[in-house]
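Coordinates from work.cif are shown below (mmCIF, C-alpha atoms).
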data_target
#
loop_
_atom_site.label_atom_id
_atom_site.label_comp_id
_atom_site.auth_asym_id
_atom_site.auth_seq_id
_atom_site.Cartn_x
_atom_site.Cartn_y
_atom_site.Cartn_z
CA MET A 162 -14.29 -4.95 13.07
CA ASP A 163 -16.76 -5.81 15.84
CA ALA A 164 -15.76 -9.47 15.55
CA LEU A 165 -12.08 -8.62 15.95
CA ARG A 166 -12.79 -6.40 18.98
CA ALA A 167 -14.73 -9.20 20.66
CA TYR A 168 -12.08 -11.76 19.81
CA THR A 169 -9.17 -9.83 21.28
CA SER A 170 -10.99 -8.43 24.30
CA SER A 171 -11.76 -11.81 25.85
CA PRO A 172 -8.65 -14.03 25.72
CA ALA A 173 -10.17 -16.62 28.05
CA ALA A 174 -12.91 -17.37 25.54
CA ARG A 175 -10.84 -16.88 22.40
CA LEU A 176 -11.81 -18.89 19.34
CA PRO A 177 -10.61 -18.55 15.73
CA LEU A 178 -12.56 -16.04 13.69
CA THR A 179 -15.07 -17.70 11.40
CA PRO A 180 -14.55 -17.50 7.61
CA ALA A 181 -17.50 -15.09 7.46
CA GLU A 182 -15.93 -12.82 10.08
CA ARG A 183 -12.62 -12.83 8.22
CA GLU A 184 -14.43 -11.90 5.02
CA GLU A 185 -16.08 -9.04 6.91
CA LEU A 186 -12.65 -7.74 7.96
CA LEU A 187 -11.34 -8.01 4.40
CA ALA A 188 -14.39 -6.15 3.11
CA CYS A 189 -13.80 -3.43 5.69
CA ALA A 190 -10.18 -3.13 4.53
CA VAL A 191 -11.28 -2.77 0.90
CA ALA A 192 -13.84 -0.15 1.98
CA THR A 193 -11.00 2.04 3.30
CA LEU A 194 -9.97 2.66 -0.33
CA GLU A 195 -13.12 4.74 -0.86
CA HIS A 196 -13.72 5.70 2.78
CA PRO A 197 -10.33 6.79 4.15
CA GLU A 198 -11.90 7.73 7.49
CA LEU A 199 -12.11 3.97 8.22
CA ARG A 200 -8.40 3.46 7.67
CA ALA A 201 -6.88 4.68 10.94
CA PRO A 202 -9.46 2.88 13.18
CA LEU A 203 -8.89 -0.41 11.35
CA LEU A 204 -5.09 -0.10 11.42
CA SER A 205 -5.19 0.79 15.11
CA LEU A 206 -7.48 -2.11 15.93
CA LEU A 207 -5.28 -4.60 14.08
CA LEU A 208 -2.04 -3.30 15.62
CA HIS A 209 -3.32 -3.35 19.18
CA SER A 210 -5.05 -6.70 18.70
CA LEU A 211 -1.80 -8.29 17.58
CA VAL A 212 -0.09 -7.24 20.78
CA ALA A 213 -2.67 -9.30 22.69
CA LEU A 214 -2.33 -12.40 20.49
CA GLU A 215 -0.02 -15.35 21.03
CA PRO A 216 2.19 -16.42 18.09
CA HIS A 217 0.33 -19.75 17.77
CA ASP A 218 -3.02 -17.97 17.54
CA ALA A 219 -4.70 -18.64 14.22
CA LEU A 220 -5.53 -14.95 13.79
CA HIS A 221 -1.91 -13.81 14.16
CA PRO A 222 -0.64 -14.42 10.58
CA PHE A 223 -4.00 -13.37 9.12
CA ALA A 224 -3.88 -10.02 10.91
CA ILE A 225 -0.24 -9.36 9.93
CA ARG A 226 -1.04 -10.14 6.31
CA LEU A 227 -4.02 -7.77 6.38
CA LEU A 228 -1.90 -5.05 7.98
CA TRP A 229 0.69 -5.45 5.23
CA GLN A 230 -1.96 -5.26 2.52
CA LEU A 231 -3.48 -2.14 4.10
CA SER A 232 -0.06 -0.53 4.45
CA ALA A 233 1.04 -0.89 0.82
CA SER A 234 -0.58 2.47 0.03
CA ASN A 235 -1.29 5.14 2.62
CA SER A 236 -3.32 7.07 0.08
CA GLY A 237 -5.50 4.21 -1.10
CA THR A 238 -6.18 4.42 -4.82
CA GLN A 239 -6.01 8.23 -4.93
CA VAL A 240 -4.17 9.77 -7.87
CA GLY A 241 -2.23 13.01 -7.45
CA VAL A 242 -1.89 15.51 -10.31
CA SER A 243 0.22 18.66 -10.41
CA GLY A 244 1.55 20.96 -13.09
CA GLY A 245 0.08 22.36 -16.24
CA GLY A 246 -0.80 20.99 -19.63
CA GLY A 247 2.73 20.48 -20.88
CA ALA A 248 3.65 18.01 -23.57
CA VAL A 249 5.71 15.93 -21.11
CA GLY A 250 4.08 13.83 -18.41
CA VAL A 251 5.82 12.18 -15.47
CA LEU A 252 4.22 9.13 -13.85
CA LEU A 253 5.42 8.49 -10.27
CA LEU A 254 4.64 5.04 -8.89
CA GLY A 255 5.15 4.92 -5.14
CA PHE A 256 6.85 2.37 -2.87
CA ALA A 257 5.01 0.24 -0.28
CA GLY A 258 4.16 2.31 2.78
CA ALA A 259 4.18 5.58 0.85
CA SER A 260 1.54 8.28 0.74
CA LEU A 261 1.05 10.89 -1.96
CA ALA A 262 2.40 13.47 0.47
CA MET A 263 5.64 11.48 0.78
CA LEU A 264 6.12 11.74 -3.00
CA LYS A 265 5.92 15.55 -3.00
CA LEU A 266 9.69 16.08 -2.81
CA LEU A 267 10.27 13.94 -5.89
CA GLU A 268 7.35 15.63 -7.59
CA ARG A 269 8.89 19.04 -6.89
CA THR A 270 12.23 17.85 -8.26
CA TYR A 271 10.61 17.03 -11.60
CA HIS A 272 8.84 20.38 -11.74
CA GLU A 273 12.16 22.14 -11.18
CA SER A 274 13.90 20.05 -13.86
CA LEU A 275 11.01 20.10 -16.34
CA PRO A 276 9.11 23.31 -15.54
CA HIS A 277 6.18 22.65 -17.86
CA CYS A 278 5.66 18.97 -17.13
CA ARG A 279 2.59 17.40 -15.57
CA VAL A 280 3.30 14.99 -12.70
CA VAL A 281 0.85 12.19 -11.94
CA SER A 282 1.41 10.12 -8.77
CA ALA A 283 -0.14 6.81 -7.73
CA ILE A 284 0.62 4.02 -5.27
CA GLY A 285 -0.29 0.39 -5.82
CA VAL A 286 -2.64 -1.14 -3.25
CA GLY A 287 -2.02 -4.53 -1.66
CA LEU A 288 -5.68 -5.44 -1.23
CA ASP A 289 -7.69 -7.67 -3.55
CA ALA A 290 -9.86 -4.89 -4.94
CA PRO A 291 -10.03 -5.20 -8.75
CA LEU A 292 -12.71 -2.54 -9.26
CA ALA A 293 -10.84 0.02 -7.16
CA ARG A 294 -7.58 -0.82 -8.94
CA ARG A 295 -9.25 -0.41 -12.31
CA ARG A 296 -10.64 3.00 -11.33
CA GLN A 297 -7.16 4.05 -10.24
CA LEU A 298 -5.71 3.10 -13.62
CA GLU A 299 -8.49 4.96 -15.41
CA GLU A 300 -7.69 8.08 -13.35
CA VAL A 301 -4.01 7.74 -14.26
CA GLU A 302 -4.90 7.48 -17.94
CA ALA A 303 -7.19 10.50 -17.79
CA ALA A 304 -4.63 12.58 -15.88
CA LEU A 305 -1.94 11.94 -18.53
CA ARG A 306 -4.21 12.66 -21.47
CA GLY A 307 -2.64 15.26 -23.73
CA CYS A 308 0.94 14.45 -22.71
CA GLY A 309 2.66 13.20 -25.85
CA ALA A 310 5.84 11.99 -24.15
CA LEU A 311 5.92 10.18 -20.81
CA LEU A 312 8.63 9.49 -18.26
CA VAL A 313 7.84 6.72 -15.75
CA HIS A 314 9.56 6.73 -12.35
CA SER A 315 8.90 3.49 -10.46
CA LEU A 316 9.91 3.22 -6.81
CA SER A 317 10.75 -0.17 -5.29
CA ASN A 318 8.78 -3.36 -5.92
CA ASN A 319 5.40 -1.79 -5.22
CA GLY A 320 5.98 0.79 -7.93
CA TYR A 321 7.18 -1.88 -10.34
CA PHE A 322 4.12 -4.07 -9.72
CA LEU A 323 1.83 -1.10 -10.39
CA TRP A 324 3.78 -0.44 -13.59
CA GLN A 325 3.06 -4.03 -14.68
CA ASN A 326 -0.65 -3.36 -14.15
CA VAL A 327 -0.37 -0.16 -16.20
CA LYS A 328 1.34 -2.07 -19.03
CA GLN A 329 -1.41 -4.68 -19.17
CA ALA A 330 -4.38 -2.34 -18.80
CA LEU A 331 -3.22 0.76 -20.71
CA PRO A 332 -1.19 -0.30 -23.78
CA GLN A 333 -1.85 3.00 -25.59
CA LEU A 334 -0.32 4.89 -22.68
CA VAL A 335 2.74 2.62 -22.74
CA GLN A 336 3.36 3.54 -26.40
CA ARG A 337 4.02 7.16 -25.32
CA VAL A 338 6.73 6.24 -22.77
CA ARG A 339 10.11 7.71 -23.75
CA ALA A 340 12.13 7.06 -20.58
CA MET A 341 11.92 4.97 -17.40
CA VAL A 342 13.56 5.09 -13.98
CA PHE A 343 13.56 1.96 -11.81
CA ASP A 344 14.39 3.37 -8.40
CA CYS A 345 15.38 0.77 -5.74
CA GLY A 346 13.90 -2.15 -7.62
CA PRO A 347 12.55 -4.37 -8.82
CA CYS A 348 13.75 -7.26 -6.69
CA LEU A 349 12.44 -10.75 -7.41
CA PRO A 350 10.74 -12.45 -4.43
CA GLY A 351 13.33 -15.20 -4.45
CA ASP A 352 16.06 -12.61 -3.84
CA PHE A 353 14.56 -11.68 -0.45
CA SER A 354 15.76 -13.49 2.65
CA ALA A 355 13.22 -14.07 5.42
CA ASN A 356 14.82 -11.24 7.38
CA ASP A 357 14.72 -8.90 4.35
CA LEU A 358 11.02 -9.60 3.94
CA ARG A 359 10.35 -8.93 7.62
CA GLU A 360 12.14 -5.57 7.33
CA VAL A 361 10.09 -4.59 4.25
CA VAL A 362 6.84 -5.49 5.98
CA LYS A 363 7.90 -3.77 9.20
CA GLY A 364 8.82 -0.57 7.40
CA ALA A 365 5.50 -0.38 5.54
CA ILE A 366 3.37 -1.11 8.61
CA LEU A 367 5.21 1.27 10.91
CA SER A 368 5.07 3.93 8.19
CA SER A 369 1.28 3.52 8.15
CA ALA A 370 1.14 3.77 11.94
CA PHE A 371 3.15 7.00 11.83
CA ILE A 372 1.20 8.57 8.95
CA ASN A 373 -2.12 7.74 10.60
CA GLU A 374 -0.89 8.96 14.01
CA ILE A 375 -1.51 5.62 15.72
CA GLN A 376 0.04 5.37 19.15
CA ALA A 377 1.32 1.79 19.25
CA CYS A 378 2.48 0.37 22.55
CA PRO A 379 6.23 -0.32 23.05
CA ARG A 380 5.74 -4.06 22.43
CA THR A 381 4.23 -3.58 18.98
CA SER A 382 7.40 -3.83 16.88
CA ARG A 383 8.72 -6.85 18.79
CA THR A 384 5.34 -8.60 18.76
CA LEU A 385 4.77 -8.10 15.06
CA PHE A 386 8.14 -8.86 13.60
CA ASN A 387 10.18 -11.10 15.86
CA ARG A 388 7.64 -13.84 16.18
CA THR A 389 6.49 -14.55 12.68
CA GLY A 390 6.49 -13.36 9.08
CA PRO A 391 3.59 -12.00 7.01
#
Could the structure of this file be written out as structure tokens, please?
Amino acid sequence: MDALRAYTSSPAARLPLTPAEREELLACAVATLEHPELRAPLLSLLLHSLVALEPHDALHPFAIRLLWQLSASNSGTQVGVSGGGGAVGVLLLGFAGASLAMLKLLERTYHESLPHCRVVSAIGVGLDAPLARRRQLEEVEAALRGCGALLVHSLSNNGYFLWQNVKQALPQLVQRVRAMVFDCGPCLPGDFSANDLREVVKGAILSSAFINEIQACPRTSRTLFNRTGP
């Protein structure tokens, strides 16, 4: 983060970040999964730095990509659990840009429809963090233990991709699935136009800015999304 601050604060002496400095930023992003207090400062730094960058700047696409990866889950690898020890479990897999709080309405809907169910919520992360992802899946498995029948509700592509990870890592859990809901997805990457992809990325990043109460300047949306893609 110090390297990014120095880079964007002195445009006259701007040079591309070194590979080591980029790795430091990526490591900081991964650290936000276990240290959520780092999340808002890093998001804010990236957003405001991008406003100062030119579209041909080598850091521009790197920073947008990192923002997108950070924004996939606004609750990191946290797993939400509500309800009692009923025989039916509901697994909610959130969309990109979601937080566990944003899934509460859907969670409440299931509790009203299935009063004794247990609802487990998780959101797939966009960062390359295999250990953190594995711990998330282990928490999901533990939270659904004792539920003999499972309903999976996957939201958008991010939910579907997390479901693929669940299928590969937790085959015994998959055997208990009795029903599935694919909500707004999945959509194959080839079905996205460049503009569609920009809108998806924009929505996730601006959702993160809102959730983390980041005051972006008026140029932020135009700077991020009209110049280049992720």
- Note on the structure: CA of Val361 (chain A) to CA of Glu195 (chain A) measures 25.5 Å
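For the structure in this document, the set picked by the PyMOL selection byres ((chain A and resi 284) around 7) is Ser234, Thr238, Leu254, Gly255, Phe256, Ala283, Gly285, Val286 and Gly320 of chain A.
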- Query: Can you list what the PyMOL selection byres ((chain A and resi 186) around 9) grabs from this structure, as a PyMOL selection string?
  - Reply: chain A and resi 162+164-165+181-185+187-191+203+227
- What is the CA of Asn318 (chain A) to CA of Ala257 (chain A) distance in Å?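 So the answer is 7.7 Å.
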Evaluate the PyMOL selection byres ((chain A and resi 237) around 10) against this structure - the residues, as an mmCIF file with C-alpha atoms, in the coordinates of the input, please.
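Once everything was written out, this is part06.cif:
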data_model
loop_
_atom_site.group_PDB
_atom_site.id
_atom_site.type_symbol
_atom_site.label_atom_id
_atom_site.label_comp_id
_atom_site.auth_asym_id
_atom_site.auth_seq_id
_atom_site.Cartn_x
_atom_site.Cartn_y
_atom_site.Cartn_z
ATOM 1 C CA VAL A 191 -11.280 -2.770 0.900
ATOM 2 C CA ALA A 192 -13.840 -0.150 1.980
ATOM 3 C CA THR A 193 -11.000 2.040 3.300
ATOM 4 C CA LEU A 194 -9.970 2.660 -0.330
ATOM 5 C CA GLU A 195 -13.120 4.740 -0.860
ATOM 6 C CA HIS A 196 -13.720 5.700 2.780
ATOM 7 C CA PRO A 197 -10.330 6.790 4.150
ATOM 8 C CA ARG A 200 -8.400 3.460 7.670
ATOM 9 C CA LEU A 231 -3.480 -2.140 4.100
ATOM 10 C CA SER A 232 -0.060 -0.530 4.450
ATOM 11 C CA ALA A 233 1.040 -0.890 0.820
ATOM 12 C CA SER A 234 -0.580 2.470 0.030
ATOM 13 C CA ASN A 235 -1.290 5.140 2.620
ATOM 14 C CA SER A 236 -3.320 7.070 0.080
ATOM 15 C CA THR A 238 -6.180 4.420 -4.820
ATOM 16 C CA GLN A 239 -6.010 8.230 -4.930
ATOM 17 C CA VAL A 240 -4.170 9.770 -7.870
ATOM 18 C CA ALA A 259 4.180 5.580 0.850
ATOM 19 C CA SER A 260 1.540 8.280 0.740
ATOM 20 C CA LEU A 261 1.050 10.890 -1.960
ATOM 21 C CA ALA A 283 -0.140 6.810 -7.730
ATOM 22 C CA ILE A 284 0.620 4.020 -5.270
ATOM 23 C CA GLY A 285 -0.290 0.390 -5.820
ATOM 24 C CA VAL A 286 -2.640 -1.140 -3.250
ATOM 25 C CA GLY A 287 -2.020 -4.530 -1.660
ATOM 26 C CA LEU A 288 -5.680 -5.440 -1.230
ATOM 27 C CA ALA A 293 -10.840 0.020 -7.160
ATOM 28 C CA ARG A 294 -7.580 -0.820 -8.940
ATOM 29 C CA GLN A 297 -7.160 4.050 -10.240
#
- Any idea what the distance is between CA of Arg339 (chain A) and CA of Lys265 (chain A)?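 Taking CA of Arg339 (chain A) as the start and CA of Lys265 (chain A) as the end point, the length is 22.6 Å.
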- Residue with smallest distance to Leu349 (chain A) - pool A:Phe322, A:His277, A:Gln336, A:Ala248, counting only C-alpha atoms: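 Going through A:Phe322, A:His277, A:Gln336, A:Ala248 one by one, the smallest distance to Leu349 (chain A) is for A:Phe322.
Comparing the minimum interatomic distances between Leu334 (chain A) and each of A:Leu316, A:Val301, A:Leu228, A:Val281, counting all atoms listed in the file, we find that A:Val301 sits nearest.
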- Item | Selected residue of minimal separation from Gly247 (chain A) among A:Ala310, A:Ala224, A:Leu367, A:Ala340, counting only C-alpha atoms |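 Selected residue with least distance to Gly247 (chain A): A:Ala310.
For Leu331 (chain A), the non-local neighbours within 9 Å, defined as residues at least 3 positions apart in the same chain or in other chains and counting only C-alpha atoms, are Leu298, Glu299, Glu302, Asn326, Val327, Lys328, Leu334 and Val335 of chain A.
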Reconstructed region 342-353 of chain A, atom set all heavy atoms, as a short mmCIF file (atom, residue, chain, number, x, y, z; two decimals), in the coordinates of the input:
data_model
loop_
_atom_site.label_atom_id
_atom_site.label_comp_id
_atom_site.auth_asym_id
_atom_site.auth_seq_id
_atom_site.Cartn_x
_atom_site.Cartn_y
_atom_site.Cartn_z
N VAL A 342 12.64 5.16 -15.11
CA VAL A 342 13.56 5.09 -13.98
C VAL A 342 13.06 4.01 -13.04
O VAL A 342 11.93 4.09 -12.55
CB VAL A 342 13.64 6.45 -13.23
CG1 VAL A 342 14.58 6.32 -12.02
CG2 VAL A 342 14.09 7.56 -14.15
N PHE A 343 13.89 2.99 -12.81
CA PHE A 343 13.56 1.96 -11.81
C PHE A 343 14.39 2.27 -10.57
O PHE A 343 15.59 2.00 -10.53
CB PHE A 343 13.85 0.57 -12.36
CG PHE A 343 12.93 0.16 -13.48
CD1 PHE A 343 13.37 0.16 -14.79
CD2 PHE A 343 11.62 -0.19 -13.21
CE1 PHE A 343 12.52 -0.20 -15.83
CE2 PHE A 343 10.76 -0.55 -14.24
CZ PHE A 343 11.21 -0.56 -15.56
N ASP A 344 13.74 2.83 -9.59
CA ASP A 344 14.39 3.37 -8.40
C ASP A 344 14.26 2.33 -7.26
O ASP A 344 13.16 2.06 -6.79
CB ASP A 344 13.68 4.69 -8.03
CG ASP A 344 14.38 5.47 -6.95
OD1 ASP A 344 15.20 4.89 -6.24
OD2 ASP A 344 14.08 6.66 -6.82
N CYS A 345 15.39 1.75 -6.83
CA CYS A 345 15.38 0.77 -5.74
C CYS A 345 14.54 -0.46 -6.08
O CYS A 345 13.76 -0.95 -5.26
CB CYS A 345 14.88 1.39 -4.45
SG CYS A 345 15.89 2.75 -3.85
N GLY A 346 14.67 -0.96 -7.26
CA GLY A 346 13.90 -2.15 -7.62
C GLY A 346 13.83 -2.28 -9.13
O GLY A 346 14.35 -1.45 -9.85
N PRO A 347 13.23 -3.36 -9.62
CA PRO A 347 12.55 -4.37 -8.82
C PRO A 347 13.49 -5.44 -8.28
O PRO A 347 14.59 -5.61 -8.80
CB PRO A 347 11.56 -4.98 -9.82
CG PRO A 347 12.29 -4.87 -11.13
CD PRO A 347 13.05 -3.58 -11.06
N CYS A 348 13.01 -6.14 -7.26
CA CYS A 348 13.75 -7.26 -6.69
C CYS A 348 12.83 -8.47 -6.72
O CYS A 348 11.70 -8.40 -6.23
CB CYS A 348 14.17 -6.93 -5.26
SG CYS A 348 15.06 -8.25 -4.43
N LEU A 349 13.27 -9.55 -7.32
CA LEU A 349 12.44 -10.75 -7.41
C LEU A 349 12.22 -11.33 -6.02
O LEU A 349 13.11 -11.29 -5.16
CB LEU A 349 13.10 -11.78 -8.31
CG LEU A 349 13.29 -11.37 -9.78
CD1 LEU A 349 14.03 -12.45 -10.54
CD2 LEU A 349 11.94 -11.10 -10.43
N PRO A 350 11.03 -11.89 -5.76
CA PRO A 350 10.74 -12.45 -4.43
C PRO A 350 11.78 -13.44 -3.95
O PRO A 350 12.11 -13.49 -2.77
CB PRO A 350 9.37 -13.11 -4.63
CG PRO A 350 8.73 -12.33 -5.73
CD PRO A 350 9.87 -11.95 -6.65
N GLY A 351 12.34 -14.22 -4.85
CA GLY A 351 13.33 -15.20 -4.45
C GLY A 351 14.64 -14.60 -3.97
O GLY A 351 15.46 -15.28 -3.34
N ASP A 352 14.84 -13.30 -4.27
CA ASP A 352 16.06 -12.61 -3.84
C ASP A 352 15.96 -12.08 -2.42
O ASP A 352 16.92 -11.58 -1.86
CB ASP A 352 16.38 -11.45 -4.79
CG ASP A 352 16.74 -11.95 -6.18
OD1 ASP A 352 17.23 -13.09 -6.29
OD2 ASP A 352 16.52 -11.21 -7.15
N PHE A 353 14.76 -12.14 -1.82
CA PHE A 353 14.56 -11.68 -0.45
C PHE A 353 14.86 -12.82 0.52
O PHE A 353 14.34 -13.93 0.37
CB PHE A 353 13.10 -11.26 -0.22
CG PHE A 353 12.77 -9.88 -0.71
CD1 PHE A 353 12.06 -9.68 -1.87
CD2 PHE A 353 13.16 -8.77 0.03
CE1 PHE A 353 11.74 -8.41 -2.30
CE2 PHE A 353 12.85 -7.49 -0.41
CZ PHE A 353 12.15 -7.31 -1.57
#
